[in-house]
Structures are given as C-alpha cells and as structure tokens.
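Accompanying notes for the structure given below.
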Amino acid sequence: MSNTKQDFMLENDIPSLLPVVPTIDVVVFPHMVVPLLILDEKIIKGVEAALQGSKKILLLAARQQAADYHGPIGIQDLYKMGTIGNIMRIMHLPEGGIKVLTQGVCKAHVQEVHSDQDLLQARIDPIDPSQASNCDPSELEQQIKNLLTLIDRIAANGRMFSPDFQAILGQIHDPERIADFILSHLNVNVAQAQTLLEKDNVIHLLEGIQEFLQTECEMSSMQERIRTNARESINRSQREYYLREQLKAIQKELGEESDNELDDLKQKLATLTLTAEARTEGQRQIRRLEKTPPDSMEATVIRNHLEWLLGMPWGTQTTDNASLAHAKTTLDANHYGLEEIKDRILDYLSVRFLKKDCSTPILCLAGAPGVGKTSLGHSIATSLGRNYFRISLGGVYDESEIRGHRRTYVGAMPGRFVYAMRKAGSMNPVIVIDEIDKIGMSNRGDPSAALLEILDPEQNHSFYDNYLGIHFDLSKVMFIATANDVSAIPGPLRDRMEIIHVSGYTHEEKVSIAERHLLGKAIKNSGLEDKGMILDRAAIGKLITEYTREAGVRDLERHIQKLCSKYARAMVENNAIATFSHDNLHTYLGPSKVHNEHISHSNRIGVTNGLAWTPYGGDILMVEAVLMPGSGKFLMTGQLGDVMKESTQAAMTYVKAHAADFNIDPKMFTKYDLHIHLPAGAIPKDGPSAGITVLSSMLSVYTGRAISGDFAMTGELNLQGQVLPIGGLKEKILAAKQHGLKNIIIPKSNQRDLAGLDKIYEGLKILLVDDVTEVLGHVLLPH
C-alpha cells in the first residue's frame with residue numbers, strides 16, 4: 001500500500017478490515033446520509049463491533065434478484081466496490097433488530113470478504129477522494145455548466161427537481177459535492193447507481209449523471225406528448241358528443257329527425273314488407289343495438305348490417321311491359337339481326353302475358369367478342385321495362401364475392417348479387433352476369449360452385465348470403481350470362497342455363513350496323529352533329545374487308561371513330577371538310593391491315609383449305625402435306641392438340657387401307673416420310689373437324705394430283721371413310737365467304753344447321769357429302 005493511501009487511512013481512522021453491511025435496493029455514495037434497518041444477527045454483531053472501535057462500516061450493495069426471489073443473499077451477490085460509512089446514530093428496536101443512521105465517507109475496493117460464524121468482514125482498499133478530483137479544471141467547469149443547464153431545462157418543465165433543490169445546488173461549488181447532492185435526488189436503480197459509483201473520477205461521474213438525466217428528459221417529454229395527445233383526443237370526443245347532442249336538439253325542434261336513430265330503424269322495419277325470417281333477424285339486431293354502447297365498434301357493425309338488411313328492395317317490383325310490339329320495336333331499334341334471341345324474349349313475354357307467376361328463364365349468350373352480348377342484356381331490360389344491373393365475374397376467384405363475407409371479419413360486405421339487388425331497387429330486375437366463362441378458382445373457394453344455387457330456378461328462391469344472414473328470393477330475377485367459350489364453363493353450371501349462340505355478323509349485316517348505329521354514335525361522341533360528316537357504303541365495305549377481320553363490330557367501331565377524329569381535326573386545324581371514300585381511306589388509316597395472300601386460290605399439290613371455329617369467330621385453316629425420301633416416318637407440326645393428332649392418324653390409316661383404290665404404290669409408305677403441317681404454328685389447334693381436309697392433302701401428295709384452290713371444307717372422318725357432323729357451321733361459312741372461297745364442302749348431317757342461313761351463304765355453293773370419296777371427287781384434280 002502506498003504511503004499516500006496509508007496517510008489517508010490514518011487521517012480518517014479507517015482500518016483495513018471493516019464489518020460489511022449489505023444494502024438492498026440502494027447504493028450509498030460518499031457524503032450521503034442513509035438510514036438502514038438491520039435484522040441479521042451477524043450484521044448486527046459487526047455494527048456493534050464497529051461502535052467499539054473506529055465506528056466505520058463498509059456499505060456494499062447487493063445485485064438485484066428476480067422479483068419472485070425471497071431467499072438469502074450470498075457473498076457472491078455483493079458488488080466489489082462500495083462506500084465506507086461512518087455510524088452517526090444507532091437505535092435498538094423492541095421487536096428485534098437495529099436502525100442505523102450512517103453517512104458515506106469515501107469509496108473503497110473490496111479485496112476479500114471474510115465470513116465466519118460471528119462476523120461478516122471485508123479487507124478493503126480505500127480510494128482517496130483527492131485522487132478522483134485530479135482533473136482538468138476547465139474541462140470540469142464546462143461539464144458542470146452543461147449539467148446545470150440541463151437541470152435548469154428539466155426544472156423549467158416542472159419535472160424531477162423542485163425550486164428548493166436548485167436553490168441549494170446554486171450554493172454548492174465543490175464538483176464532488178455537486179455530484180453527490182444530485183445523486184441523492186435521483187431515482188436510479190441499483191445497477192445504474194453502482195455504475196455511477198464505480199466511475200474513476202469526477203468528470204466521468206458528471207458525464208454519467210448527465211447521460212442519465214438526458215435519457216430521463218427525453219422519456220419525460222415523450223410521456224408528456226402522449227398525455228397531451230390523449231387529453232386532446234378526449235377533449236375532441238367530448239366536443240363532438242356535445243355538438244351531436246346540439247344537432248339532435250336542433251333537428252328535433254325543426255321536426256327533421258326523430259328523437260332516436262333506433263326509432264327510425266324500428267319504424268322502417270315495421271313498414272317494409274319483409275319475410276318472417278328477415279323481420280325476426282331485424283328485430284334481433286335492433287335489440288342488440290339497444291344494449292350496445294353507441295360509440296363502440298360492435299354498434300357500427302350492427303348498424304351497417306341493419307342498413308343493408310332494411311335497404312334491400314323487399315316487396316318492390318316493376319311491372320313488365322307485356323306489349324310484344326313494344327318489345328320487338330325496342331330490340332330491333334337497338335340490335336340488328338340476332339333473331340333467335342329476340343324470338344326467345346318474345347316467347348317469354350307471351351307466356352308472361354298468360355301466366356303472371358311463370359318461371360323466369362336463365363339465358364347464356366355465347367359468342368365471339370363484339371357481337372353485342374352485353375348490350376343485348378340492357379336492351380332486354382328496356383324492352384321489358386325492368387331495372388338493369390351488370391355484374392362482371394372475369395377474374396373473380398373468391399367465393400365470398402358471390403356469397404358475401406361473414407360479419408365476424410373486419411370490413412365484411414355482402415356478395416355481388418345482394419349488392420346488385422340493392423342497386424337495382426326491385427325484386428325482378430334484369431342482371432347481366434358478364435364473362436361467366438372467365439371465373440377463377442383458388443384456395444378461397446370455387447365461385448362457380450356458389451353460382452349453382454343462384455342460377456338454379458329450384459333453389460334461388462332461398463339464396464343465403466353470409467353477410468345478411470338470411471335467405472333472399474332471387475327467383476324473379478332474369479339472369480342473362482355472357483361467355484366467349486362455353487366449353488370453359490363447368491358442366492353443372494352450364495346445365496342450369498339455356499345456351500343461345502350469338503354468331504358473328506355477315507359483311508352485309510356489318511354494313512347495316514355501321515350505317516344504323518356505329519356511325520351515328522361516333523358522330524355524336526365526336527361532336528360532329530350537323531357538321532356534314534359522311535361515310536358511304538363503299539367506304540364502310542372497305543373498312544370491313546381490308547381494315548378489320550372479326551366476328552363482331554368492335555374493331556369496326558374503333559376505325560369509324562378514328563375517321564370522325566380525322567374529320568374533326570381537319571375542321572379545327574384547316575377549317576376544311578374531309579371527304580372519305582373507297583379510294584382514299586389509306587390516306588387517313590394507313591395501308592390495309594388484312595392480308596389474304598396466305599389463302600390459296602390456286603391448284604397445288606398437298607395444300608387444302610380447311611375451315612375452323614375459334615371463340616373469336618371462324619377462320620381458314622390451311623393444311624400442307626409434303627413427301628420426302630426417308631423410312632416411312634409420319635411427322636405432324638403446327639402445335640396440334642391430341643384430338644387433332646388422332647384425327648390425322650385416322651386419315652393416315654384410311655390412306656394406307658385404300659391405297660389400291662387410288663393407285664398408290666405401297667412401297668411409298670416405307671421409302672418416303674410424310675410431313676403434315678398447319679401454318680400459324682404459334683396458335684394451338686385442336687378438334688376433329690379437319691379430318692377430311694388432312695386426308696385430301698395426304699392423298700394429293702401420294703397420288704401427285706393437285707387440290708382445287710376454289711374449295712374449302714370441314715368434316716370429321718372415321719375409318720370407314722364416312723364424313724361426320726361438325727359444329728360452328730355459321731362461323732365457318734362466314735370465314736370462307738370473307739376469304740372469297742365460293743365452294744364449301746360440309747357434312748350432309750349438318751344440312752339442318754343451314755336453316756335460317758340463306759342470307760349468309762347467298763352466292764356460295766354448299767356441297768353436302770356423306771362419304772370421303774365424294775369429297776375427293778370434288779377437290780382432287782386429274783393428272
């Protein structure tokens with residue numbers, strides 16, 4: 001031990017071995033006066049021994065234990081630095097134990113703790129306070145100044161420090177005593193206080209105190225902000241409540257509103273023509289609302305449910321216009337052609353006229369885009385005098401979109417059909433279900449399965465919506481679904497609807513539609529009424545044949561709208577009138593966009609014109625066949641589906657089986673490879689209707705006889721050479737006509753499908769065949 005430290009110990013009468021007093025939940029600093037309650041006999045003996053000698057004890061803080069720990073404290077739980085305290089007063093308690101008033105003198109390191117049966121003592125190494133004060137005076141002064149500034153700021157906010165504290169602090173000039181005084185007024189835990197006690201000099205101690213005060217200041221500011229926001233929120237709520245009560249009083253004086261919102265709901269419930277189930281549910285929800293606090297979230301959920309329940313068109317129906325003449329006039333005015341659908345609507349009206357409660361048909365209009373399926377639904381509603389609403393199901397993959405969400409979910413809403421009924425405002429509207437073939441499916445359920453109940457006349461009188469929680473009658477609704485591809489609709493759903501195929505328009509029908517509807521609509525949309533905008537039949541015809549190729553008229557409408565825009569621009573820019581004719585359309589629309597060069601009208605070996613059906617209308621399907629030296633391989637390309645591949649295999653089998661009939665050398669099947677290709681290889685192709693077309697190309701290359709390029713054909717082939725019926729006949733005939741093919745070969749079994757198509761195949765030669773030999777007799781030219 002150094003001489004300086006020995007002098008310090010002798011001067012302050014500090015022995016090297018002192019009794020230990022563990023302190024719980026408190027760390028004693030030098031100059032701090034602390035009362036201690038001591039109950040342990042070993043500690044009491046140590047204090048009494050100190051009273052007989054130097055009156056000095058070592059105050060060691062114990063580490064904090066878990067909140068649920070109530071056992072004794074061991075030597076290992078004591079910190080290795082404490083404070084030497086001077087016993088100022090002692091008082092024995094009647095119930096046992098003593099109270100000791102002690103004042104800290106200086107800090108000390110613990111070298112070793114001795115515990116025997118009578119005493120708990122520690123060998124110590126005191127720390128001379130003068131050594132801890134050896135610091136740069138200017139740095140010490142700046143640190144004290146920063147600390148006092150922070151204390152002033154905290155005291156200005158009325159937190160932690162009282163005015164008396166600042167008054168006393170202003171009279172203290174010794175840095176160490178300033179630190180001790182501040183520490184005596186801080187609410188720090190044992191670990192934080194022990195960290196400050198172990199600081200090696202005054203500057204580090206002051207820095208630790210400032211860091212603690214800075215953290216407390218920030219936390220206090222944050223708590224104050226929270227209290228302020230909460231107070232403002234409470235004040236705002238009280239103000240809104242007060243204003244709402246005033247508003248109710250004013251409305252009551254004016255007679256504009258009843259005393260209570262519940263009275264309105266009860267009155268509305270009593271006046272509506274609800275079903276027994278709906279009335280019971282409404283009464284139950286009103287009773288729940290009466291018992292629920294008005295400002296609670298549950299009250300909002302109940303109120304929204306009641307608004308939906310009472311907002312449905314209970315008992316409200318529109319009267320159908322039973323005049324067949326009015327319905328026919330309306331449908332004819334809005335749509336050209338489409339006689340089958342118009343007849344079906346007139347049939348329904350006739351039955352409705354005789355029987356008021358007849359079942360409402362559920363129709364599905366299937367056809368290519370742009371043929372007027374969706375707009376036809378609106379025209380049907382107008383002709384019947386019913387309200388109209390459209391639901392688009394394209395891309396819907398959640399069953400809740402159909403049946404609604406359960407009210408347990410946040411933001412729950414009814415399904416689309418309940419929403420449509422409320423918007424329509426009657427129990428018997430016309431609801432168009434658009435794009436029913438494009439419904440999706442996911443792990444959230446199958447919407448198409450939920451539609452089974454809605455579109456079934458035997459079930460939809462009691463449709464259950466999860467949000468309403470009751471059954472709702474949809475039996476009086478006329479549902480009209482639209483689809484491009486009927487095969488994409490699930491079978492059970494397709495079985496519930498009456499499918500009406502809406503075929504594409506002929507050239508003449510498109511010209512008439514453009515003249516009657518599209519041109520006038522485009523002129524009105526462009527603001528060209530009475531501006532002299534004219535588009536003659538020849539120009540419209542060229543638009544149809546050279547700028548559009550579609551089953552409908554949507555692209556044609558866009559081109560007419562574009563010509564109207566050109567006309568408007570000429571008027572605005574040059575104050576001139578544009579003239580459109582058959583010869584100058586390319587000036588405004590650019591070169592022709594439809595090219596027919598790939599369609600063969602010449603006689604070639606191995607090339608046959610077939611007819612195909614697509615969801616977007618009919619098309620020409622060319623089949624090419626080529627022989628090449630090889631080993632008898634059979635190649636098929638053009639992205640063919642399984643059905644078409646099997647049809648091609650059947651044609652190949654027929655050729656081999658009847659090779660002698662066509663004078664084909666059997667060796668050709670082993671010495672040559674046959675390659676069948678269908679152009680437009682990026683487009684998938686499937687179906688059996690190209691059977692006779694593929695067979696014609698095969699026999700052409702094997703016999704070396706050319707195929708007549710003036711023919712187009714369609715028909716399924718079996719192994720006996722019979723030509724079987726096909727579908728999509730109207731679209732296929734239209735495709736052949738648009739491409740200038742005048743001779744069309746079709747199965748004789750499809751003769752019945754030609755009924756009503758007189759205008760379509762006018763100018764064409766339709767050849768009906770039963771056997772493939774008849775086909776070959778028409779198209780296979782002699783050598």
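Labels used: A, B, ... for chains in the order of the structure tokens, numbers from 1 for residues in each chain, and numbers from 1 for ligands as shown.
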Please give the complete set of residues from range 365-559 of chain A that DSSP, run on the backbone, assigns to alpha helix (DSSP H), formatted as a count of residues only.
64
Could I get the residues of range 404-503 of chain A with an atom no further than 12 Å from an atom of range 328-339 of chain A, each paired with its nearest atom pair and that distance in Å to one decimal, using only C-alpha atoms, sorted by chain and residue number, as JSON lines?
```
{"residue": "A:Ile500", "atom": "CA", "partner": "A:Leu338", "partner_atom": "CA", "distance": 10.2}
{"residue": "A:His501", "atom": "CA", "partner": "A:Leu338", "partner_atom": "CA", "distance": 9.6}
{"residue": "A:Val502", "atom": "CA", "partner": "A:Leu338", "partner_atom": "CA", "distance": 6.9}
{"residue": "A:Ser503", "atom": "CA", "partner": "A:Leu338", "partner_atom": "CA", "distance": 8.2}
```
Would you output that residue set with N, CA, C and O atoms, as an mmCIF file, in the first residue's frame?
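Dumped everything to again_2.cif:
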```cif
data_model
loop_
_atom_site.group_PDB
_atom_site.id
_atom_site.type_symbol
_atom_site.label_atom_id
_atom_site.label_comp_id
_atom_site.auth_asym_id
_atom_site.auth_seq_id
_atom_site.Cartn_x
_atom_site.Cartn_y
_atom_site.Cartn_z
ATOM 1 N N ILE A 500 -77.664 -19.848 -75.771
ATOM 2 C CA ILE A 500 -78.032 -19.296 -77.076
ATOM 3 C C ILE A 500 -76.750 -18.790 -77.726
ATOM 4 O O ILE A 500 -76.087 -17.897 -77.196
ATOM 5 N N HIS A 501 -76.400 -19.363 -78.851
ATOM 6 C CA HIS A 501 -75.170 -18.986 -79.528
ATOM 7 C C HIS A 501 -75.417 -17.738 -80.377
ATOM 8 O O HIS A 501 -76.311 -17.724 -81.234
ATOM 9 N N VAL A 502 -74.626 -16.732 -80.133
ATOM 10 C CA VAL A 502 -74.696 -15.481 -80.889
ATOM 11 C C VAL A 502 -73.583 -15.531 -81.923
ATOM 12 O O VAL A 502 -72.404 -15.376 -81.597
ATOM 13 N N SER A 503 -73.940 -15.781 -83.163
ATOM 14 C CA SER A 503 -72.935 -15.943 -84.206
ATOM 15 C C SER A 503 -72.419 -14.587 -84.670
ATOM 16 O O SER A 503 -72.985 -13.532 -84.368
#
```
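Note that the spacing between CA of Pro19 in chain A and CA of Ala122 in chain A amounts to 6.4 Å.
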So that I can see what lies close to Leu346 in chain A, please list as a list in words the residues with an atom at most 9 Å from it, counting only C-alpha atoms and leaving out residues fewer than 3 positions away in the same chain.
Leu324, Ala327, Lys328, Ile341, Lys342, Asp343, Leu349, Ser350 and Val351 of chain A
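Residue nearest Arg752 in chain A, chosen from A:Gly170, A:Gly504, A:Pro294, A:Gly727 and counting only C-alpha atoms: A:Gly727.
CA of Arg390 in chain A sits 10.1 Å away from CA of Ser375 in chain A.
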Please run DSSP on the backbone and report, as a compact mmCIF listing (two decimals) with all heavy atoms, in the first residue's frame, all residues within range 520-626 of chain A that come out as strand (DSSP E).
```
# COMPACT_ATOMS: atom_id res chain seq x y z
N VAL A 607 -51.86 -28.99 -100.69
CA VAL A 607 -52.35 -27.81 -99.96
C VAL A 607 -53.87 -27.75 -100.06
O VAL A 607 -54.43 -27.68 -101.17
CB VAL A 607 -51.74 -26.51 -100.51
CG1 VAL A 607 -52.26 -25.31 -99.74
CG2 VAL A 607 -50.22 -26.58 -100.46
N THR A 608 -54.56 -27.81 -98.92
CA THR A 608 -56.03 -27.84 -98.87
C THR A 608 -56.51 -26.74 -97.93
O THR A 608 -55.91 -26.50 -96.87
CB THR A 608 -56.53 -29.20 -98.36
OG1 THR A 608 -55.90 -30.23 -99.10
CG2 THR A 608 -58.03 -29.32 -98.51
N ASN A 609 -57.63 -26.10 -98.30
CA ASN A 609 -58.23 -25.06 -97.47
C ASN A 609 -59.27 -25.69 -96.54
O ASN A 609 -60.29 -26.22 -97.00
CB ASN A 609 -58.91 -24.00 -98.34
CG ASN A 609 -57.92 -23.26 -99.22
OD1 ASN A 609 -56.81 -22.97 -98.79
ND2 ASN A 609 -58.31 -22.96 -100.44
N GLY A 610 -59.00 -25.66 -95.24
CA GLY A 610 -59.95 -26.16 -94.26
C GLY A 610 -60.65 -25.00 -93.57
O GLY A 610 -60.27 -23.83 -93.72
N LEU A 611 -61.68 -25.32 -92.81
CA LEU A 611 -62.44 -24.31 -92.06
C LEU A 611 -62.37 -24.64 -90.57
O LEU A 611 -62.51 -25.80 -90.18
CB LEU A 611 -63.90 -24.27 -92.52
CG LEU A 611 -64.13 -23.86 -93.98
CD1 LEU A 611 -65.60 -24.02 -94.36
CD2 LEU A 611 -63.68 -22.41 -94.21
N ALA A 612 -62.17 -23.61 -89.74
CA ALA A 612 -62.01 -23.82 -88.29
C ALA A 612 -62.89 -22.85 -87.53
O ALA A 612 -63.23 -21.76 -88.01
CB ALA A 612 -60.55 -23.64 -87.88
N TRP A 613 -63.27 -23.28 -86.33
CA TRP A 613 -64.04 -22.41 -85.42
C TRP A 613 -63.14 -22.02 -84.25
O TRP A 613 -62.40 -22.85 -83.71
CB TRP A 613 -65.26 -23.15 -84.89
CG TRP A 613 -66.06 -22.34 -83.91
CD1 TRP A 613 -67.10 -21.51 -84.17
CD2 TRP A 613 -65.88 -22.29 -82.49
NE1 TRP A 613 -67.58 -20.94 -83.02
CE2 TRP A 613 -66.84 -21.39 -81.95
CE3 TRP A 613 -64.99 -22.91 -81.60
CZ2 TRP A 613 -66.94 -21.11 -80.61
CZ3 TRP A 613 -65.08 -22.61 -80.24
CH2 TRP A 613 -66.05 -21.73 -79.77
N THR A 614 -63.20 -20.75 -83.86
CA THR A 614 -62.48 -20.25 -82.68
C THR A 614 -63.46 -19.46 -81.83
O THR A 614 -64.53 -19.07 -82.32
CB THR A 614 -61.30 -19.34 -83.08
OG1 THR A 614 -61.82 -18.09 -83.57
CG2 THR A 614 -60.44 -19.98 -84.15
N GLY A 617 -64.67 -16.36 -83.64
CA GLY A 617 -65.27 -16.44 -84.96
C GLY A 617 -64.62 -17.54 -85.78
O GLY A 617 -63.76 -18.29 -85.32
N GLY A 618 -65.05 -17.64 -87.06
CA GLY A 618 -64.50 -18.65 -87.93
C GLY A 618 -63.19 -18.20 -88.56
O GLY A 618 -62.84 -17.02 -88.56
N ASP A 619 -62.43 -19.19 -89.12
CA ASP A 619 -61.17 -18.87 -89.76
C ASP A 619 -60.83 -19.96 -90.77
O ASP A 619 -61.39 -21.06 -90.74
CB ASP A 619 -60.05 -18.75 -88.72
CG ASP A 619 -58.87 -17.94 -89.24
OD1 ASP A 619 -58.92 -17.49 -90.40
OD2 ASP A 619 -57.90 -17.76 -88.48
N ILE A 620 -59.92 -19.62 -91.69
CA ILE A 620 -59.43 -20.58 -92.67
C ILE A 620 -58.23 -21.31 -92.08
O ILE A 620 -57.31 -20.70 -91.54
CB ILE A 620 -59.04 -19.87 -93.98
CG1 ILE A 620 -60.26 -19.21 -94.60
CG2 ILE A 620 -58.42 -20.86 -94.96
CD1 ILE A 620 -61.34 -20.16 -95.04
N LEU A 621 -58.25 -22.64 -92.20
CA LEU A 621 -57.18 -23.47 -91.67
C LEU A 621 -56.54 -24.22 -92.83
O LEU A 621 -57.13 -25.16 -93.37
CB LEU A 621 -57.72 -24.45 -90.63
CG LEU A 621 -56.70 -25.34 -89.93
CD1 LEU A 621 -55.83 -24.50 -89.00
CD2 LEU A 621 -57.41 -26.43 -89.14
N MET A 622 -55.36 -23.80 -93.25
CA MET A 622 -54.68 -24.46 -94.36
C MET A 622 -53.92 -25.69 -93.85
O MET A 622 -53.31 -25.66 -92.78
CB MET A 622 -53.71 -23.50 -95.03
CG MET A 622 -54.38 -22.34 -95.72
SD MET A 622 -53.20 -21.33 -96.60
CE MET A 622 -52.55 -22.50 -97.76
N VAL A 623 -53.99 -26.75 -94.63
CA VAL A 623 -53.28 -27.99 -94.30
C VAL A 623 -52.28 -28.26 -95.42
O VAL A 623 -52.66 -28.32 -96.59
CB VAL A 623 -54.23 -29.17 -94.14
CG1 VAL A 623 -53.45 -30.46 -93.86
CG2 VAL A 623 -55.22 -28.90 -93.02
N GLU A 624 -51.01 -28.40 -95.07
CA GLU A 624 -49.95 -28.65 -96.04
C GLU A 624 -49.36 -30.04 -95.81
O GLU A 624 -49.14 -30.43 -94.65
CB GLU A 624 -48.84 -27.60 -95.91
CG GLU A 624 -49.31 -26.18 -96.14
CD GLU A 624 -48.22 -25.15 -95.86
OE1 GLU A 624 -47.25 -25.52 -95.14
OE2 GLU A 624 -48.34 -24.02 -96.33
N ALA A 625 -49.11 -30.75 -96.92
CA ALA A 625 -48.51 -32.08 -96.83
C ALA A 625 -47.36 -32.17 -97.84
O ALA A 625 -47.47 -31.67 -98.97
CB ALA A 625 -49.54 -33.16 -97.12
N VAL A 626 -46.25 -32.78 -97.40
CA VAL A 626 -45.06 -32.92 -98.25
C VAL A 626 -44.49 -34.32 -98.07
O VAL A 626 -44.39 -34.81 -96.93
CB VAL A 626 -43.99 -31.85 -97.90
CG1 VAL A 626 -42.71 -32.12 -98.68
CG2 VAL A 626 -44.50 -30.46 -98.17
```
Name all residues at most 9 Å from Lys45 in chain A (count only C-alpha atoms; drop same-chain ones fewer than 4 positions away) and give them as a PyMOL selection string.
chain A and resi 19+40-41+49-50+118-120
For the selection just defined, write its residues with N, CA, C and O atoms to a file, as an mmCIF file, in the first residue's frame.
```cif
data_model
loop_
_atom_site.group_PDB
_atom_site.id
_atom_site.type_symbol
_atom_site.label_atom_id
_atom_site.label_comp_id
_atom_site.auth_asym_id
_atom_site.auth_seq_id
_atom_site.Cartn_x
_atom_site.Cartn_y
_atom_site.Cartn_z
ATOM 1 N N PRO A 19 -16.332 -4.276 9.144
ATOM 2 C CA PRO A 19 -17.577 -5.068 9.054
ATOM 3 C C PRO A 19 -18.367 -4.651 7.789
ATOM 4 O O PRO A 19 -18.370 -3.483 7.399
ATOM 5 N N ASP A 40 -30.307 -9.038 10.535
ATOM 6 C CA ASP A 40 -29.459 -10.224 10.604
ATOM 7 C C ASP A 40 -28.510 -10.116 11.789
ATOM 8 O O ASP A 40 -27.842 -9.087 11.987
ATOM 9 N N GLU A 41 -28.418 -11.166 12.599
ATOM 10 C CA GLU A 41 -27.620 -11.148 13.813
ATOM 11 C C GLU A 41 -26.139 -10.976 13.498
ATOM 12 O O GLU A 41 -25.412 -10.260 14.206
ATOM 13 N N ALA A 49 -19.478 -4.228 16.885
ATOM 14 C CA ALA A 49 -18.021 -4.271 16.977
ATOM 15 C C ALA A 49 -17.412 -2.973 16.449
ATOM 16 O O ALA A 49 -16.418 -2.468 17.004
ATOM 17 N N ALA A 50 -18.013 -2.402 15.381
ATOM 18 C CA ALA A 50 -17.509 -1.144 14.836
ATOM 19 C C ALA A 50 -17.713 -0.006 15.818
ATOM 20 O O ALA A 50 -16.882 0.912 15.914
ATOM 21 N N ASP A 118 -19.538 -15.496 13.384
ATOM 22 C CA ASP A 118 -19.982 -14.331 14.149
ATOM 23 C C ASP A 118 -20.020 -13.053 13.332
ATOM 24 O O ASP A 118 -20.895 -12.204 13.559
ATOM 25 N N LEU A 119 -19.066 -12.865 12.402
ATOM 26 C CA LEU A 119 -18.942 -11.584 11.716
ATOM 27 C C LEU A 119 -18.833 -11.778 10.204
ATOM 28 O O LEU A 119 -18.381 -12.814 9.718
ATOM 29 N N LEU A 120 -19.266 -10.695 9.468
ATOM 30 C CA LEU A 120 -19.057 -10.600 8.027
ATOM 31 C C LEU A 120 -18.164 -9.388 7.811
ATOM 32 O O LEU A 120 -18.574 -8.246 8.031
#
```
Could you name the residues that touch Pro447 in chain A at 6 Å or less, counting only C-alpha atoms, but leaving out those on the same chain fewer than 2 positions away, as a PyMOL selection string?
chain A and resi 399+449-450
Polymer residues at most 7 Å from range 20-23 of chain A, only C-alpha atoms, same-chain spacing of 6 or more positions, as a VMD selection string:
chain A and resid 43 57 to 62 120 to 122
Can you list, as JSON, numbers by chain, every protein, DNA or RNA residue that comes within 9 Å of range 655-667 of chain A when you count only C-alpha atoms, leaving out same-chain residues fewer than 5 positions away?
{"A": [650, 672, 695, 698, 699, 702, 703]}
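CA of Ile744 in chain A is positioned 26.7 Å from CA of Ser592 in chain A.
Minimum distance to Leu468 in chain A across A:Thr545, A:Thr318, A:Gln285, A:Gln143 (counting only C-alpha atoms) occurs at A:Gln285.
Among the candidates A:Asn484, A:Thr195, A:Asn718, A:Ser54, the one nearest to Glu646 in chain A when counting only C-alpha atoms is A:Asn718.
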